[in-house]
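**Student:** Please read through the structure below; I'll follow up with questions.
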Amino acid sequence: MYLHIGKNTTVDTEDITAVLDMDNITVAKISRDFLKQAQRRGEVRSVAEDIPKSVIVCERDGVTCVYITNISSRAIAGRIRRLRSLEGYSVY
């Protein structure tokens, strides 16, 4: 299923490897280093229209993409849970 993460951007929930809170990720050195390296490799895409609140790490076919969004990690987790509860249903 696809999840809207901001600025007309959707990701396949199967591709999501991590949803991280921006406040927490900027505290740990290893997390800051991860973001810096991803930025250098050109893997970071901002889909935030306001203050960034979370980071979504996706991987598809060996390609990593790191999205920065203004949607909270808690809201993203809730959306994923709701989408997964709809799996198997047909929508007409």
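Going by the structure tokens order, chains are called A, B, ..., each with residues numbered from 1, while ligands are numbered from 1 in the order shown.
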So that I can see what lies close to region 11-25 of chain A, please list as JSON, numbers by chain the residues with an atom at most 10 Å from it, counting only C-alpha atoms and leaving out residues fewer than 2 positions away in the same chain.

**Tutor:** {"A": [1, 2, 3, 4, 5, 9, 27, 28, 29, 30, 31, 32, 33, 34, 35, 51, 52, 53, 54, 55, 56, 57, 58, 59, 60, 61, 64, 65, 66, 67, 68, 69, 70, 71, 72, 73, 74, 76, 77, 79, 80, 83, 84]}

**Student:** Just give me the gap between CA of Glu43 (chain A) and CA of Glu87 (chain A) in Å, one decimal is fine.

**Tutor:**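 Distance between the two atoms: 29.5 Å.
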
**Student:** So what do you get for CA of Glu49 (chain A) versus CA of Gly6 (chain A), distance-wise?

**Tutor:**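 Computing it gives 7.7 Å between the two atoms.
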
**Student:** Would you please give, as a PDB file with all heavy atoms, in the first residue's frame, all residues of region 2-92 of chain A that DSSP assigns to strand (DSSP E) based on the backbone?

**Tutor:**
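Written output follows (part_21.pdb):
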ATOM      1  N   TYR A   2       0.342   2.322  -0.479  1.00  0.00           N
ATOM      2  CA  TYR A   2       1.105   3.551  -0.596  1.00  0.00           C
ATOM      3  C   TYR A   2       0.710   4.543   0.485  1.00  0.00           C
ATOM      4  O   TYR A   2      -0.446   4.659   0.852  1.00  0.00           O
ATOM      5  CB  TYR A   2       0.909   4.167  -1.986  1.00  0.00           C
ATOM      6  CG  TYR A   2       1.626   3.349  -3.033  1.00  0.00           C
ATOM      7  CD1 TYR A   2       0.993   2.303  -3.673  1.00  0.00           C
ATOM      8  CD2 TYR A   2       2.950   3.612  -3.333  1.00  0.00           C
ATOM      9  CE1 TYR A   2       1.655   1.534  -4.613  1.00  0.00           C
ATOM     10  CE2 TYR A   2       3.634   2.855  -4.270  1.00  0.00           C
ATOM     11  CZ  TYR A   2       2.973   1.811  -4.901  1.00  0.00           C
ATOM     12  OH  TYR A   2       3.647   1.053  -5.823  1.00  0.00           O
ATOM     13  N   LEU A   3       1.714   5.260   0.973  1.00  0.00           N
ATOM     14  CA  LEU A   3       1.553   6.203   2.068  1.00  0.00           C
ATOM     15  C   LEU A   3       1.952   7.594   1.588  1.00  0.00           C
ATOM     16  O   LEU A   3       3.048   7.781   1.038  1.00  0.00           O
ATOM     17  CB  LEU A   3       2.457   5.775   3.231  1.00  0.00           C
ATOM     18  CG  LEU A   3       2.553   6.715   4.423  1.00  0.00           C
ATOM     19  CD1 LEU A   3       1.241   6.699   5.204  1.00  0.00           C
ATOM     20  CD2 LEU A   3       3.691   6.282   5.326  1.00  0.00           C
ATOM     21  N   HIS A   4       1.060   8.571   1.787  1.00  0.00           N
ATOM     22  CA  HIS A   4       1.364   9.956   1.432  1.00  0.00           C
ATOM     23  C   HIS A   4       2.239  10.546   2.540  1.00  0.00           C
ATOM     24  O   HIS A   4       1.899  10.460   3.716  1.00  0.00           O
ATOM     25  CB  HIS A   4       0.070  10.762   1.299  1.00  0.00           C
ATOM     26  CG  HIS A   4       0.319  12.198   0.995  1.00  0.00           C
ATOM     27  ND1 HIS A   4       0.313  13.160   1.968  1.00  0.00           N
ATOM     28  CD2 HIS A   4       0.621  12.821  -0.161  1.00  0.00           C
ATOM     29  CE1 HIS A   4       0.579  14.326   1.418  1.00  0.00           C
ATOM     30  NE2 HIS A   4       0.774  14.146   0.122  1.00  0.00           N
ATOM     31  N   ILE A   5       3.388  11.145   2.151  1.00  0.00           N
ATOM     32  CA  ILE A   5       4.298  11.689   3.160  1.00  0.00           C
ATOM     33  C   ILE A   5       4.543  13.190   3.001  1.00  0.00           C
ATOM     34  O   ILE A   5       5.361  13.757   3.708  1.00  0.00           O
ATOM     35  CB  ILE A   5       5.639  10.925   3.163  1.00  0.00           C
ATOM     36  CG1 ILE A   5       6.342  11.016   1.813  1.00  0.00           C
ATOM     37  CG2 ILE A   5       5.439   9.491   3.601  1.00  0.00           C
ATOM     38  CD1 ILE A   5       7.755  10.493   1.820  1.00  0.00           C
ATOM     39  N   GLY A   6       3.838  13.825   2.081  1.00  0.00           N
ATOM     40  CA  GLY A   6       3.960  15.274   1.904  1.00  0.00           C
ATOM     41  C   GLY A   6       4.366  15.655   0.498  1.00  0.00           C
ATOM     42  O   GLY A   6       4.970  14.869  -0.225  1.00  0.00           O
ATOM     43  N   THR A   9       3.983  13.387  -2.506  1.00  0.00           N
ATOM     44  CA  THR A   9       4.913  12.262  -2.530  1.00  0.00           C
ATOM     45  C   THR A   9       4.318  11.083  -1.782  1.00  0.00           C
ATOM     46  O   THR A   9       3.812  11.238  -0.669  1.00  0.00           O
ATOM     47  CB  THR A   9       6.260  12.656  -1.878  1.00  0.00           C
ATOM     48  OG1 THR A   9       6.776  13.799  -2.548  1.00  0.00           O
ATOM     49  CG2 THR A   9       7.255  11.523  -1.946  1.00  0.00           C
ATOM     50  N   THR A  10       4.372   9.925  -2.415  1.00  0.00           N
ATOM     51  CA  THR A  10       3.926   8.697  -1.766  1.00  0.00           C
ATOM     52  C   THR A  10       5.052   7.673  -1.817  1.00  0.00           C
ATOM     53  O   THR A  10       5.893   7.708  -2.714  1.00  0.00           O
ATOM     54  CB  THR A  10       2.679   8.100  -2.445  1.00  0.00           C
ATOM     55  OG1 THR A  10       2.976   7.850  -3.820  1.00  0.00           O
ATOM     56  CG2 THR A  10       1.476   9.015  -2.332  1.00  0.00           C
ATOM     57  N   VAL A  11       5.051   6.780  -0.827  1.00  0.00           N
ATOM     58  CA  VAL A  11       6.014   5.685  -0.801  1.00  0.00           C
ATOM     59  C   VAL A  11       5.258   4.389  -0.532  1.00  0.00           C
ATOM     60  O   VAL A  11       4.221   4.390   0.131  1.00  0.00           O
ATOM     61  CB  VAL A  11       7.124   5.890   0.258  1.00  0.00           C
ATOM     62  CG1 VAL A  11       7.986   7.078  -0.071  1.00  0.00           C
ATOM     63  CG2 VAL A  11       6.550   6.022   1.649  1.00  0.00           C
ATOM     64  N   ASP A  12       5.788   3.309  -1.050  1.00  0.00           N
ATOM     65  CA  ASP A  12       5.225   1.994  -0.788  1.00  0.00           C
ATOM     66  C   ASP A  12       5.602   1.616   0.639  1.00  0.00           C
ATOM     67  O   ASP A  12       6.787   1.678   1.007  1.00  0.00           O
ATOM     68  CB  ASP A  12       5.792   0.987  -1.789  1.00  0.00           C
ATOM     69  CG  ASP A  12       5.101  -0.360  -1.733  1.00  0.00           C
ATOM     70  OD1 ASP A  12       4.546  -0.724  -0.675  1.00  0.00           O
ATOM     71  OD2 ASP A  12       5.134  -1.058  -2.759  1.00  0.00           O
ATOM     72  N   ILE A  16       9.577   0.949   3.297  1.00  0.00           N
ATOM     73  CA  ILE A  16       9.995   1.710   4.481  1.00  0.00           C
ATOM     74  C   ILE A  16      10.808   0.817   5.408  1.00  0.00           C
ATOM     75  O   ILE A  16      10.355  -0.243   5.825  1.00  0.00           O
ATOM     76  CB  ILE A  16       8.774   2.293   5.229  1.00  0.00           C
ATOM     77  CG1 ILE A  16       8.038   3.295   4.333  1.00  0.00           C
ATOM     78  CG2 ILE A  16       9.222   2.961   6.535  1.00  0.00           C
ATOM     79  CD1 ILE A  16       6.739   3.811   4.924  1.00  0.00           C
ATOM     80  N   THR A  17      12.033   1.267   5.710  1.00  0.00           N
ATOM     81  CA  THR A  17      12.880   0.518   6.636  1.00  0.00           C
ATOM     82  C   THR A  17      12.960   1.185   8.005  1.00  0.00           C
ATOM     83  O   THR A  17      13.265   0.527   8.986  1.00  0.00           O
ATOM     84  CB  THR A  17      14.302   0.332   6.080  1.00  0.00           C
ATOM     85  OG1 THR A  17      14.855   1.603   5.789  1.00  0.00           O
ATOM     86  CG2 THR A  17      14.284  -0.516   4.819  1.00  0.00           C
ATOM     87  N   ALA A  18      12.683   2.495   8.070  1.00  0.00           N
ATOM     88  CA  ALA A  18      12.711   3.192   9.359  1.00  0.00           C
ATOM     89  C   ALA A  18      11.916   4.480   9.287  1.00  0.00           C
ATOM     90  O   ALA A  18      11.880   5.147   8.253  1.00  0.00           O
ATOM     91  CB  ALA A  18      14.150   3.509   9.749  1.00  0.00           C
ATOM     92  N   VAL A  19      11.276   4.797  10.397  1.00  0.00           N
ATOM     93  CA  VAL A  19      10.614   6.087  10.584  1.00  0.00           C
ATOM     94  C   VAL A  19      11.212   6.653  11.863  1.00  0.00           C
ATOM     95  O   VAL A  19      11.081   6.055  12.932  1.00  0.00           O
ATOM     96  CB  VAL A  19       9.081   5.948  10.706  1.00  0.00           C
ATOM     97  CG1 VAL A  19       8.452   7.309  10.973  1.00  0.00           C
ATOM     98  CG2 VAL A  19       8.488   5.312   9.462  1.00  0.00           C
ATOM     99  N   LEU A  20      11.889   7.782  11.742  1.00  0.00           N
ATOM    100  CA  LEU A  20      12.645   8.333  12.861  1.00  0.00           C
ATOM    101  C   LEU A  20      12.160   9.733  13.217  1.00  0.00           C
ATOM    102  O   LEU A  20      11.893  10.547  12.325  1.00  0.00           O
ATOM    103  CB  LEU A  20      14.128   8.386  12.503  1.00  0.00           C
ATOM    104  CG  LEU A  20      14.713   7.086  11.951  1.00  0.00           C
ATOM    105  CD1 LEU A  20      16.047   7.354  11.288  1.00  0.00           C
ATOM    106  CD2 LEU A  20      14.840   6.064  13.054  1.00  0.00           C
ATOM    107  N   ASP A  21      12.071  10.018  14.500  1.00  0.00           N
ATOM    108  CA  ASP A  21      11.680  11.334  14.988  1.00  0.00           C
ATOM    109  C   ASP A  21      12.854  12.301  14.808  1.00  0.00           C
ATOM    110  O   ASP A  21      13.975  11.993  15.217  1.00  0.00           O
ATOM    111  CB  ASP A  21      11.282  11.237  16.456  1.00  0.00           C
ATOM    112  CG  ASP A  21      10.797  12.548  16.991  1.00  0.00           C
ATOM    113  OD1 ASP A  21       9.627  12.889  16.769  1.00  0.00           O
ATOM    114  OD2 ASP A  21      11.618  13.254  17.622  1.00  0.00           O
ATOM    115  N   VAL A  44      18.935  12.179   0.080  1.00  0.00           N
ATOM    116  CA  VAL A  44      17.976  12.911   0.913  1.00  0.00           C
ATOM    117  C   VAL A  44      17.057  13.751   0.040  1.00  0.00           C
ATOM    118  O   VAL A  44      17.513  14.467  -0.851  1.00  0.00           O
ATOM    119  CB  VAL A  44      18.701  13.800   1.948  1.00  0.00           C
ATOM    120  CG1 VAL A  44      17.706  14.624   2.752  1.00  0.00           C
ATOM    121  CG2 VAL A  44      19.564  12.950   2.870  1.00  0.00           C
ATOM    122  N   ARG A  45      15.765  13.633   0.318  1.00  0.00           N
ATOM    123  CA  ARG A  45      14.756  14.450  -0.369  1.00  0.00           C
ATOM    124  C   ARG A  45      13.855  15.081   0.675  1.00  0.00           C
ATOM    125  O   ARG A  45      13.298  14.379   1.520  1.00  0.00           O
ATOM    126  CB  ARG A  45      13.915  13.583  -1.290  1.00  0.00           C
ATOM    127  CG  ARG A  45      14.714  13.011  -2.423  1.00  0.00           C
ATOM    128  CD  ARG A  45      13.831  12.328  -3.425  1.00  0.00           C
ATOM    129  NE  ARG A  45      14.674  11.730  -4.438  1.00  0.00           N
ATOM    130  CZ  ARG A  45      14.584  10.483  -4.840  1.00  0.00           C
ATOM    131  NH1 ARG A  45      13.667   9.700  -4.319  1.00  0.00           N
ATOM    132  NH2 ARG A  45      15.382  10.021  -5.759  1.00  0.00           N
ATOM    133  N   SER A  46      13.720  16.377   0.613  1.00  0.00           N
ATOM    134  CA  SER A  46      12.832  17.060   1.548  1.00  0.00           C
ATOM    135  C   SER A  46      11.440  17.170   0.944  1.00  0.00           C
ATOM    136  O   SER A  46      11.277  17.679  -0.165  1.00  0.00           O
ATOM    137  CB  SER A  46      13.363  18.453   1.876  1.00  0.00           C
ATOM    138  OG  SER A  46      12.452  19.118   2.737  1.00  0.00           O
ATOM    139  N   SER A  54      10.094  14.464  10.967  1.00  0.00           N
ATOM    140  CA  SER A  54      10.541  13.075  10.939  1.00  0.00           C
ATOM    141  C   SER A  54      11.332  12.766   9.680  1.00  0.00           C
ATOM    142  O   SER A  54      11.330  13.520   8.714  1.00  0.00           O
ATOM    143  CB  SER A  54       9.354  12.117  11.071  1.00  0.00           C
ATOM    144  OG  SER A  54       8.484  12.244   9.987  1.00  0.00           O
ATOM    145  N   VAL A  55      12.007  11.621   9.747  1.00  0.00           N
ATOM    146  CA  VAL A  55      12.820  11.116   8.649  1.00  0.00           C
ATOM    147  C   VAL A  55      12.294   9.725   8.316  1.00  0.00           C
ATOM    148  O   VAL A  55      12.091   8.904   9.218  1.00  0.00           O
ATOM    149  CB  VAL A  55      14.307  11.050   9.057  1.00  0.00           C
ATOM    150  CG1 VAL A  55      15.128  10.362   7.994  1.00  0.00           C
ATOM    151  CG2 VAL A  55      14.843  12.436   9.346  1.00  0.00           C
ATOM    152  N   ILE A  56      12.064   9.480   7.039  1.00  0.00           N
ATOM    153  CA  ILE A  56      11.602   8.168   6.590  1.00  0.00           C
ATOM    154  C   ILE A  56      12.681   7.595   5.684  1.00  0.00           C
ATOM    155  O   ILE A  56      13.046   8.210   4.686  1.00  0.00           O
ATOM    156  CB  ILE A  56      10.273   8.279   5.824  1.00  0.00           C
ATOM    157  CG1 ILE A  56       9.204   8.935   6.697  1.00  0.00           C
ATOM    158  CG2 ILE A  56       9.814   6.895   5.346  1.00  0.00           C
ATOM    159  CD1 ILE A  56       7.943   9.307   5.966  1.00  0.00           C
ATOM    160  N   VAL A  57      13.189   6.425   6.053  1.00  0.00           N
ATOM    161  CA  VAL A  57      14.224   5.766   5.265  1.00  0.00           C
ATOM    162  C   VAL A  57      13.555   4.650   4.472  1.00  0.00           C
ATOM    163  O   VAL A  57      12.876   3.791   5.040  1.00  0.00           O
ATOM    164  CB  VAL A  57      15.329   5.185   6.171  1.00  0.00           C
ATOM    165  CG1 VAL A  57      16.417   4.526   5.324  1.00  0.00           C
ATOM    166  CG2 VAL A  57      15.921   6.266   7.064  1.00  0.00           C
ATOM    167  N   CYS A  58      13.734   4.685   3.164  1.00  0.00           N
ATOM    168  CA  CYS A  58      13.149   3.687   2.270  1.00  0.00           C
ATOM    169  C   CYS A  58      14.258   3.031   1.455  1.00  0.00           C
ATOM    170  O   CYS A  58      15.264   3.659   1.154  1.00  0.00           O
ATOM    171  CB  CYS A  58      12.147   4.329   1.314  1.00  0.00           C
ATOM    172  SG  CYS A  58      10.725   5.060   2.111  1.00  0.00           S
ATOM    173  N   GLU A  59      14.016   1.785   1.098  1.00  0.00           N
ATOM    174  CA  GLU A  59      14.952   1.086   0.221  1.00  0.00           C
ATOM    175  C   GLU A  59      14.163   0.242  -0.758  1.00  0.00           C
ATOM    176  O   GLU A  59      13.262  -0.494  -0.372  1.00  0.00           O
ATOM    177  CB  GLU A  59      15.906   0.199   1.008  1.00  0.00           C
ATOM    178  CG  GLU A  59      16.966  -0.409   0.122  1.00  0.00           C
ATOM    179  CD  GLU A  59      18.034  -1.142   0.897  1.00  0.00           C
ATOM    180  OE1 GLU A  59      18.181  -0.897   2.094  1.00  0.00           O
ATOM    181  OE2 GLU A  59      18.708  -1.968   0.272  1.00  0.00           O
ATOM    182  N   ARG A  60      14.502   0.392  -2.031  1.00  0.00           N
ATOM    183  CA  ARG A  60      13.861  -0.382  -3.095  1.00  0.00           C
ATOM    184  C   ARG A  60      14.934  -0.795  -4.090  1.00  0.00           C
ATOM    185  O   ARG A  60      15.663   0.041  -4.600  1.00  0.00           O
ATOM    186  CB  ARG A  60      12.775   0.428  -3.781  1.00  0.00           C
ATOM    187  CG  ARG A  60      12.127  -0.332  -4.912  1.00  0.00           C
ATOM    188  CD  ARG A  60      10.975   0.434  -5.543  1.00  0.00           C
ATOM    189  NE  ARG A  60      10.026  -0.536  -6.004  1.00  0.00           N
ATOM    190  CZ  ARG A  60       8.821  -0.743  -5.512  1.00  0.00           C
ATOM    191  NH1 ARG A  60       8.394  -0.003  -4.540  1.00  0.00           N
ATOM    192  NH2 ARG A  60       8.039  -1.665  -6.007  1.00  0.00           N
ATOM    193  N   VAL A  63      18.402   0.573  -3.632  1.00  0.00           N
ATOM    194  CA  VAL A  63      18.558   2.026  -3.670  1.00  0.00           C
ATOM    195  C   VAL A  63      17.882   2.629  -2.439  1.00  0.00           C
ATOM    196  O   VAL A  63      16.705   2.385  -2.188  1.00  0.00           O
ATOM    197  CB  VAL A  63      17.946   2.623  -4.962  1.00  0.00           C
ATOM    198  CG1 VAL A  63      18.067   4.137  -4.961  1.00  0.00           C
ATOM    199  CG2 VAL A  63      18.602   2.020  -6.188  1.00  0.00           C
ATOM    200  N   THR A  64      18.662   3.415  -1.682  1.00  0.00           N
ATOM    201  CA  THR A  64      18.141   4.043  -0.470  1.00  0.00           C
ATOM    202  C   THR A  64      17.691   5.466  -0.766  1.00  0.00           C
ATOM    203  O   THR A  64      18.343   6.186  -1.518  1.00  0.00           O
ATOM    204  CB  THR A  64      19.233   4.075   0.620  1.00  0.00           C
ATOM    205  OG1 THR A  64      19.637   2.733   0.895  1.00  0.00           O
ATOM    206  CG2 THR A  64      18.727   4.721   1.895  1.00  0.00           C
ATOM    207  N   CYS A  65      16.565   5.840  -0.158  1.00  0.00           N
ATOM    208  CA  CYS A  65      16.070   7.208  -0.251  1.00  0.00           C
ATOM    209  C   CYS A  65      15.649   7.644   1.150  1.00  0.00           C
ATOM    210  O   CYS A  65      14.948   6.906   1.842  1.00  0.00           O
ATOM    211  CB  CYS A  65      14.899   7.304  -1.221  1.00  0.00           C
ATOM    212  SG  CYS A  65      14.439   9.011  -1.549  1.00  0.00           S
ATOM    213  N   VAL A  66      16.108   8.807   1.562  1.00  0.00           N
ATOM    214  CA  VAL A  66      15.802   9.337   2.884  1.00  0.00           C
ATOM    215  C   VAL A  66      14.924  10.565   2.700  1.00  0.00           C
ATOM    216  O   VAL A  66      15.346  11.552   2.102  1.00  0.00           O
ATOM    217  CB  VAL A  66      17.105   9.706   3.638  1.00  0.00           C
ATOM    218  CG1 VAL A  66      16.786  10.270   5.004  1.00  0.00           C
ATOM    219  CG2 VAL A  66      18.014   8.489   3.748  1.00  0.00           C
ATOM    220  N   TYR A  67      13.689  10.483   3.189  1.00  0.00           N
ATOM    221  CA  TYR A  67      12.744  11.587   3.059  1.00  0.00           C
ATOM    222  C   TYR A  67      12.675  12.347   4.373  1.00  0.00           C
ATOM    223  O   TYR A  67      12.594  11.740   5.442  1.00  0.00           O
ATOM    224  CB  TYR A  67      11.341  11.063   2.734  1.00  0.00           C
ATOM    225  CG  TYR A  67      11.240  10.405   1.393  1.00  0.00           C
ATOM    226  CD1 TYR A  67      11.337   9.025   1.266  1.00  0.00           C
ATOM    227  CD2 TYR A  67      11.036  11.156   0.237  1.00  0.00           C
ATOM    228  CE1 TYR A  67      11.229   8.406   0.028  1.00  0.00           C
ATOM    229  CE2 TYR A  67      10.937  10.552  -1.001  1.00  0.00           C
ATOM    230  CZ  TYR A  67      11.029   9.167  -1.089  1.00  0.00           C
ATOM    231  OH  TYR A  67      10.936   8.563  -2.321  1.00  0.00           O
ATOM    232  N   ILE A  68      12.689  13.659   4.279  1.00  0.00           N
ATOM    233  CA  ILE A  68      12.482  14.513   5.445  1.00  0.00           C
ATOM    234  C   ILE A  68      11.107  15.136   5.283  1.00  0.00           C
ATOM    235  O   ILE A  68      10.817  15.768   4.263  1.00  0.00           O
ATOM    236  CB  ILE A  68      13.572  15.591   5.552  1.00  0.00           C
ATOM    237  CG1 ILE A  68      14.929  14.909   5.736  1.00  0.00           C
ATOM    238  CG2 ILE A  68      13.278  16.554   6.691  1.00  0.00           C
ATOM    239  CD1 ILE A  68      16.103  15.839   5.748  1.00  0.00           C
ATOM    240  N   THR A  69      10.247  14.929   6.274  1.00  0.00           N
ATOM    241  CA  THR A  69       8.852  15.368   6.169  1.00  0.00           C
ATOM    242  C   THR A  69       8.418  16.128   7.418  1.00  0.00           C
ATOM    243  O   THR A  69       9.016  15.977   8.488  1.00  0.00           O
ATOM    244  CB  THR A  69       7.923  14.164   5.916  1.00  0.00           C
ATOM    245  OG1 THR A  69       6.579  14.623   5.801  1.00  0.00           O
ATOM    246  CG2 THR A  69       8.008  13.136   7.033  1.00  0.00           C
TER     247      THR A  69
END

**Student:** Out of chain A, which residues get helix (DSSP H, G or I) from DSSP, as JSON, numbers by chain?

**Tutor:** {"A": [13, 14, 15, 22, 23, 24, 25, 29, 30, 31, 32, 33, 34, 35, 36, 37, 38, 39, 40, 73, 74, 75, 76, 77, 78, 79, 80, 81, 82, 83, 84, 85, 86]}

**Student:** Could you save those same residues with C-alpha atoms as a PDB file, in the first residue's frame?

**Tutor:**
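The result, written out as selection20.pdb:
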ATOM      1  CA  THR A  13       4.926   0.895   2.843  1.00  0.00           C
ATOM      2  CA  GLU A  14       6.864  -2.259   1.945  1.00  0.00           C
ATOM      3  CA  ASP A  15       9.893  -0.072   1.097  1.00  0.00           C
ATOM      4  CA  MET A  22      13.692  14.395  13.903  1.00  0.00           C
ATOM      5  CA  ASP A  23      14.258  15.602  17.481  1.00  0.00           C
ATOM      6  CA  ASN A  24      15.745  12.248  18.480  1.00  0.00           C
ATOM      7  CA  ILE A  25      17.765  11.632  15.322  1.00  0.00           C
ATOM      8  CA  LYS A  29      26.160  11.422  16.659  1.00  0.00           C
ATOM      9  CA  ILE A  30      25.655   8.201  14.691  1.00  0.00           C
ATOM     10  CA  SER A  31      22.270   9.455  13.480  1.00  0.00           C
ATOM     11  CA  ARG A  32      23.679  12.834  12.471  1.00  0.00           C
ATOM     12  CA  ASP A  33      26.487  11.047  10.624  1.00  0.00           C
ATOM     13  CA  PHE A  34      23.939   8.851   8.840  1.00  0.00           C
ATOM     14  CA  LEU A  35      22.061  11.934   7.615  1.00  0.00           C
ATOM     15  CA  LYS A  36      25.285  13.658   6.521  1.00  0.00           C
ATOM     16  CA  GLN A  37      26.406  10.609   4.545  1.00  0.00           C
ATOM     17  CA  ALA A  38      22.980  10.219   2.930  1.00  0.00           C
ATOM     18  CA  GLN A  39      23.081  13.918   1.991  1.00  0.00           C
ATOM     19  CA  ARG A  40      26.525  13.520   0.399  1.00  0.00           C
ATOM     20  CA  SER A  73       6.674   9.924  13.231  1.00  0.00           C
ATOM     21  CA  ARG A  74       3.682   9.077  15.417  1.00  0.00           C
ATOM     22  CA  ALA A  75       1.233  10.148  12.685  1.00  0.00           C
ATOM     23  CA  ILE A  76       3.158   8.165  10.072  1.00  0.00           C
ATOM     24  CA  ALA A  77       3.094   5.049  12.273  1.00  0.00           C
ATOM     25  CA  GLY A  78      -0.664   5.473  12.731  1.00  0.00           C
ATOM     26  CA  ARG A  79      -1.211   5.817   8.984  1.00  0.00           C
ATOM     27  CA  ILE A  80       0.816   2.663   8.332  1.00  0.00           C
ATOM     28  CA  ARG A  81      -1.225   0.737  10.928  1.00  0.00           C
ATOM     29  CA  ARG A  82      -4.493   1.910   9.349  1.00  0.00           C
ATOM     30  CA  LEU A  83      -3.303   0.996   5.850  1.00  0.00           C
ATOM     31  CA  ARG A  84      -2.236  -2.466   6.982  1.00  0.00           C
ATOM     32  CA  SER A  85      -5.630  -3.029   8.607  1.00  0.00           C
ATOM     33  CA  LEU A  86      -7.236  -2.377   5.177  1.00  0.00           C
TER      34      LEU A  86
END
